[in-house]
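Structure first, then comments.
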2 protein chains.
Amino acid sequence: MTSDVTTGTGQEAAGLARRTRTELLRRVEDRLRSHLADERDHWAEVHEGAVVPVDALAALIASGGKRIRPAFCLTGHLAAGGDPDDPGIVAAAAALEMLHLSALVHDDVLDDSGLRRGVPTVHTRFTALHESHGWQGEARRYGEGVALLVGDLALVYAEELMTHAPGTAVPEWNRLRSEVMIGQYMDVHAAAEFSADPRTSRLIARIKSGRYTIHRPLVVGASAAGRADLAPAFEEYGEAVGEAFQLRDDLLDAFGDQAATGKPTGLDLSRHKMTPLLGWAMQRDEHIHTLMTEPGHTPDEVRRRLVETGVPADVERHIEGLVERGRKAIADAPIAPVWRTELAEMAHRVAHRTT
Amino acid sequence: MTSDVTTGTGQEAAGLARRTRTELLRRVEDRLRSHLADERDHWAEVHEGAVVPVDALAALIASGGKRIRPAFCLTGHLAAGGDPDDPGIVAAAAALEMLHLSALVHDDVLDDSGLRRGVPTVHTRFTALHESHGWQGEARRYGEGVALLVGDLALVYAEELMTHAPGTAVPEWNRLRSEVMIGQYMDVHAAAEFSADPRTSRLIARIKSGRYTIHRPLVVGASAAGRADLAPAFEEYGEAVGEAFQLRDDLLDAFGDQAATGKPTGLDLSRHKMTPLLGWAMQRDEHIHTLMTEPGHTPDEVRRRLVETGVPADVERHIEGLVERGRKAIADAPIAPVWRTELAEMAHRVAHRTT
């Protein structure tokens with residue numbers, strides 16, 4: 001691969017740019033799998049039972065996923081003129097995905113979610129294993145305990161991968177991780193309090209999801225290429241497109257197709273997740289609070305009432321505005337035109353995804 | 001401070017060596033507190049509620065603890081002739097303590113332990129908070145969820161601290177962390193299966209406790225000083241003294257004084273923790289298995305039966321042998337005599353502690 005792709009224009013350059021990123025994404029996949037395979041080999045020699053948490057992570061990698069964070073990290077790197085042959089950027093992108101695995105496994109415990117990528121979640125699977133064997137102690141504590149440790153292990157592996165990334169990417173990586181943890185805490189807490197406060201719910205969505213998915217991965221990629229100057233443009237783009245990503249997530253949870261998303265829909269509603277979608281709807285219609293907290297109401301009732309507030313349609317329009325804001329943010333950024341176009345298309349895809 | 005302390009002999013040199021380490025331990029304490037204070041300042045500006053997980057960690061730091069891991073890390077560094085003025089070693093020692101905080105918070109969830117350092121554990125405290133406010137959702141899920149995220153945050157902060165440590169310490173740090181997670185999983189799993197297999201229970205004790213507490217921190221310290229050559233001697237010392245540490249832990253849990261340890265005693269027994277102590281005892285007396293798994297038996301019955309097997313007395317003798325093995329392991333190590341003496345004394349203190 002050469003870095004000519006970052007300076008070209010036109011269709012040919014666009015094709016080459018995408019092929020470069022596809023090839024790098026393949027290497028990220030290899031890196032994730034080989035890291036886990038090496039760890040498995042190491043632990044298999046120590047004890048036959050020690051490989052179980054490693055295998056749980058390998059199964060999660062194999063079950064698919066959109067690899068959005070690696071894609072934005074690589075895009076940020078290539079758009080910044082970074083060397084596509086630098087193995088450090090592959091390590092950084094793999095670290096972002098491994099961190100995401102950790103967040104998914106822990107998140108599924110926090111939400112008590114039963115499905116992820118169409119297969120049973122880690123804590124659900126190990127709880128069932130405990131039950132079927134009739135082991136000592138409480139099955140739920142065992143299942144959630146194993147998931148806690150599997151998620152911890154993924155976090156540790158993310159750090160190991162990151163030690164192979166360029167040091168210039170580390171400050172952004174540090175910001176990203178503590179944001180995810182604090183954002184998750186605020187999310188859990190807001191669901192418990194369940195008070196409509198759109199300022200807080202938008203802040204949570206921004207910290208725990210938007211920044212973590214788009215803004216920070218882009219800047220990790222650009223910083224790895226030594227282009228800290230791109231941080232402001234990528235921040236503006238990432239904050240806007242990240243919010244669009246999160247709002248689509250909320251819509252998919254409330255109204256999406258479980259067969260397509262691979263995870264249960266309506267879970268945010270049943271878990272009292274104070275999403276911006278819900279926060280706005282509750283401000284317009286106080287009765288929604290009652291529908292959600294008092295027994296005897298079905299999720300479909302809540303959904304109908306949500307639609308009647310007009311908020312979902314407004315959110316769709318808001319998403320359009322955010323995609324447009326993202327495009328404008330990079331309109332004058334000092335990056336090759338081919339990557340400007342690609343970032344605009346990525347904003348559209350992220351905002352209109354169906355899974 | 002000067003590094004003369006590492007070459008002296010006699011009482012004066014011993015005093016100076018210890019004062020140097022005490023001063024470094026004070027800096028570790030400052031580093032831990034200032035890291036959390038800086039994070040608190042940052043998050044307080046973002047949202048008033050965002051500081052809660054940071055405060056939970058600060059409270060845990062303030063509640064005390066023995067700082068065994070930082071002490072071994074600093075000792076390894078100074079014994080290796082490392083520069084006491086290197087701020088990197090303070091960062092590494094602080095990282096080890098922060099990682100330990102993460103493990104404690106998560107461990108207390110895994111064990112459903114109510115007390116730590118004499119105060120309620122994180123998940124217990126947040127579960128009670130949820131109950132007293134009558135918030136939405138299940139109080140247990142909230143409390144354990146917050147503890148999960150507080151532990152994750154500590155793990156992230158440990159990594160941040162470690163980025164300021166010498167790069168030569170990183171490989172050992174990587175080994176240490178994945179060992180803790182896999183060891184914890186094996187521990188949780190062995191408790192669920194509850195089959196007496198002393199080989200597995202000793203392996204678990206070695207991986208999740210001994211290595212993590214003594215062997216790896218010593219080698220992290222020595223590697224930070226560029227003295228990888230000390231790894232074999234420190235490994236031999238650490239494996240022996242680490243096992244002594246763990247066996248004392250098991251004895252304190254089974255027969256110790258809760259007022260002194262600051263955590264509930266008898267918890268390993270009630271959680272079916274397959275400690276080596278229990279594994280050996282069950283091999284000699286099958287009835288112990290029944291006493292522990294069938295209802296109607298008190299912890300005192302189990303304790304009496306344990307003593308009757310003669311295993312606790314044998315374990316005391318075994319601990320003596322391990323301390324001696326530790327001393328021999330460093331008898332010819334290329335370190336200053338003052339640190340050889342100090343390490344021998346540390347082995348004794350660790351093996352005979354009462355808290």
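Letters A, B, ... go to the chains of the structure tokens in the order shown; residues in each chain start at 1; ligands are counted from 1 in the same order.
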
- request: Counting only C-alpha atoms, collect the residues of chain A whose closest atom lies at most 8 Å from chain B, and write them out as a PyMOL selection string.
  value: chain A and resi 49-50+53+106+109-110+130+135-137+141-142+145-146+148-150+152-153+156-157+159-160+174+177-178+181-186+188-189+191-194+271-272+293

field: All residues 10 Å or closer to A:Ile319, only C-alpha atoms, same chain fewer than 4 positions away omitted, as a ChimeraX atom specification
entry: /A:240-241,243-248,313-315,323-325,348,351-352

query: DSSP says alpha helix (DSSP H) for which residues of stretch 101-293 of chain B? Put them as a PyMOL selection string?
result: chain B and resi 101-111+122-133+139-162+170-193+198-205+216-224+231-255+258-261+267-270+276-284+287-293

- request: Excluding A:Thr261 and residues on its chain fewer than 4 positions from it, collect all residues at most 12 Å away from it, counting only C-alpha atoms, and give them as a count of residues only.
  value: 21

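Counting from atom CA of A:Arg304, the distance to atom CA of A:Arg199 is 24.5 Å.
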
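Residue nearest B:Arg349 within the list B:Asp332, B:Glu320, B:Asp38, B:Asp86: B:Glu320 [criterion: smallest interatomic distance, only C-alpha atoms].
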
- line: atom CA of B:Pro87 to atom CA of B:Leu16 measures 19.4 Å

message: List as a PyMOL selection string the protein and nucleic acid residues near stretch 274-283 of chain B, meaning an atom at most 7 Å away when only C-alpha atoms are counted, but skip any in the same chain fewer than 2 places from it.
response: chain B and resi 190-191+194+196-198+201-202+250+272+285-286+288-289+306+309+311

Can you spit out the residues from that selection as a compact mmCIF listing (two decimals), in the first residue's frame, using all heavy atoms?
```txt
# COMPACT_ATOMS: atom_id res chain seq x y z
N ALA B 190 -14.13 -22.42 40.41
CA ALA B 190 -13.82 -23.51 41.35
C ALA B 190 -14.80 -23.50 42.52
O ALA B 190 -15.19 -24.56 43.02
CB ALA B 190 -12.38 -23.39 41.84
N ALA B 191 -15.20 -22.28 42.95
CA ALA B 191 -16.16 -22.18 44.06
C ALA B 191 -17.51 -22.75 43.63
O ALA B 191 -18.21 -23.39 44.42
CB ALA B 191 -16.31 -20.73 44.50
N PHE B 194 -16.92 -26.57 43.29
CA PHE B 194 -16.64 -27.04 44.65
C PHE B 194 -16.16 -28.48 44.69
O PHE B 194 -16.67 -29.31 45.44
CB PHE B 194 -17.88 -26.87 45.54
CG PHE B 194 -17.53 -26.85 47.02
CD1 PHE B 194 -16.60 -25.95 47.51
CD2 PHE B 194 -18.11 -27.75 47.90
CE1 PHE B 194 -16.26 -25.94 48.85
CE2 PHE B 194 -17.77 -27.73 49.26
CZ PHE B 194 -16.86 -26.83 49.73
N ALA B 196 -12.77 -30.84 45.38
CA ALA B 196 -11.44 -30.71 46.00
C ALA B 196 -10.37 -31.12 45.01
O ALA B 196 -10.28 -32.27 44.63
CB ALA B 196 -11.38 -31.59 47.25
N ASP B 197 -9.57 -30.18 44.58
CA ASP B 197 -8.49 -30.45 43.64
C ASP B 197 -7.35 -29.51 44.03
O ASP B 197 -7.24 -28.41 43.52
CB ASP B 197 -8.98 -30.20 42.21
CG ASP B 197 -7.83 -30.20 41.21
OD1 ASP B 197 -6.70 -30.56 41.59
OD2 ASP B 197 -8.08 -29.84 40.04
N PRO B 198 -6.52 -29.96 44.99
CA PRO B 198 -5.48 -29.08 45.51
C PRO B 198 -4.55 -28.51 44.42
O PRO B 198 -4.06 -27.40 44.55
CB PRO B 198 -4.70 -29.97 46.48
CG PRO B 198 -5.69 -30.99 46.91
CD PRO B 198 -6.53 -31.25 45.68
N SER B 201 -6.45 -25.53 43.12
CA SER B 201 -6.59 -24.45 44.09
C SER B 201 -5.25 -23.78 44.38
O SER B 201 -5.19 -22.57 44.58
CB SER B 201 -7.27 -24.95 45.37
OG SER B 201 -6.58 -26.03 45.93
N ARG B 202 -4.16 -24.54 44.36
CA ARG B 202 -2.84 -23.90 44.54
C ARG B 202 -2.49 -23.04 43.34
O ARG B 202 -1.91 -21.96 43.48
CB ARG B 202 -1.75 -24.94 44.77
CG ARG B 202 -1.77 -25.46 46.20
CD ARG B 202 -0.60 -26.36 46.48
NE ARG B 202 0.66 -25.63 46.63
CZ ARG B 202 1.81 -26.22 46.87
NH1 ARG B 202 1.89 -27.53 46.97
NH2 ARG B 202 2.91 -25.50 47.00
N ASP B 250 -5.93 -17.12 53.83
CA ASP B 250 -6.93 -18.18 54.02
C ASP B 250 -7.14 -18.44 55.51
O ASP B 250 -8.28 -18.62 55.97
CB ASP B 250 -6.50 -19.47 53.32
CG ASP B 250 -6.39 -19.28 51.81
OD1 ASP B 250 -6.91 -18.27 51.30
OD2 ASP B 250 -5.78 -20.14 51.15
N HIS B 272 -18.00 -20.99 49.52
CA HIS B 272 -17.43 -22.21 48.93
C HIS B 272 -16.14 -21.95 48.17
O HIS B 272 -15.89 -22.59 47.15
CB HIS B 272 -18.45 -22.89 48.00
CG HIS B 272 -19.74 -23.19 48.67
ND1 HIS B 272 -20.85 -22.40 48.54
CD2 HIS B 272 -20.09 -24.19 49.52
CE1 HIS B 272 -21.84 -22.90 49.26
NE2 HIS B 272 -21.41 -23.98 49.88
N ASP B 285 -10.71 -35.31 55.08
CA ASP B 285 -11.99 -35.53 55.77
C ASP B 285 -13.14 -35.16 54.83
O ASP B 285 -13.50 -34.00 54.69
CB ASP B 285 -12.02 -34.66 57.04
CG ASP B 285 -13.33 -34.81 57.81
OD1 ASP B 285 -14.23 -35.53 57.31
OD2 ASP B 285 -13.44 -34.21 58.88
N GLU B 286 -13.70 -36.18 54.20
CA GLU B 286 -14.75 -35.95 53.21
C GLU B 286 -16.00 -35.31 53.81
O GLU B 286 -16.78 -34.68 53.11
CB GLU B 286 -15.14 -37.27 52.53
CG GLU B 286 -14.08 -37.75 51.54
CD GLU B 286 -14.46 -39.08 50.91
OE1 GLU B 286 -15.61 -39.52 51.10
OE2 GLU B 286 -13.60 -39.66 50.23
N ILE B 288 -16.30 -32.78 55.54
CA ILE B 288 -16.30 -31.31 55.48
C ILE B 288 -17.13 -30.82 54.28
O ILE B 288 -17.84 -29.82 54.38
CB ILE B 288 -14.85 -30.77 55.42
CG1 ILE B 288 -14.17 -31.03 56.78
CG2 ILE B 288 -14.82 -29.29 55.08
CD1 ILE B 288 -12.72 -30.64 56.85
N HIS B 289 -17.07 -31.56 53.19
CA HIS B 289 -17.87 -31.19 52.01
C HIS B 289 -19.35 -31.13 52.39
O HIS B 289 -20.06 -30.17 52.06
CB HIS B 289 -17.62 -32.20 50.89
CG HIS B 289 -18.20 -31.78 49.56
ND1 HIS B 289 -19.55 -31.87 49.27
CD2 HIS B 289 -17.62 -31.25 48.45
CE1 HIS B 289 -19.76 -31.43 48.04
NE2 HIS B 289 -18.60 -31.04 47.52
N LEU B 306 -12.18 -28.47 60.65
CA LEU B 306 -10.95 -28.10 59.94
C LEU B 306 -9.74 -28.29 60.84
O LEU B 306 -8.73 -28.88 60.44
CB LEU B 306 -11.00 -26.62 59.51
CG LEU B 306 -11.64 -26.26 58.16
CD1 LEU B 306 -11.62 -24.75 57.98
CD2 LEU B 306 -10.88 -26.93 57.02
N THR B 309 -8.59 -31.87 61.41
CA THR B 309 -7.84 -32.55 60.33
C THR B 309 -6.35 -32.35 60.49
O THR B 309 -5.55 -33.04 59.86
CB THR B 309 -8.21 -31.99 58.93
OG1 THR B 309 -7.85 -30.60 58.89
CG2 THR B 309 -9.68 -32.16 58.61
N VAL B 311 -4.83 -29.84 59.33
CA VAL B 311 -4.35 -29.05 58.20
C VAL B 311 -3.90 -27.64 58.60
O VAL B 311 -2.83 -27.19 58.19
CB VAL B 311 -5.39 -29.02 57.06
CG1 VAL B 311 -5.03 -27.96 56.02
CG2 VAL B 311 -5.50 -30.38 56.39
```

query: atom CA of A:Ala336 and atom CA of A:Ala79, how far apart in Å?
result: 6.5 Å

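Backbone DSSP of stretch 95-226 of chain A yields strand (DSSP E or B) at Leu115, Arg116, Val119 and Pro120 of chain A.
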
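Nearest residue to A:Pro120 among A:Lys263, A:Arg67, A:His287, A:Arg303 is A:Lys263, counting only C-alpha atoms.
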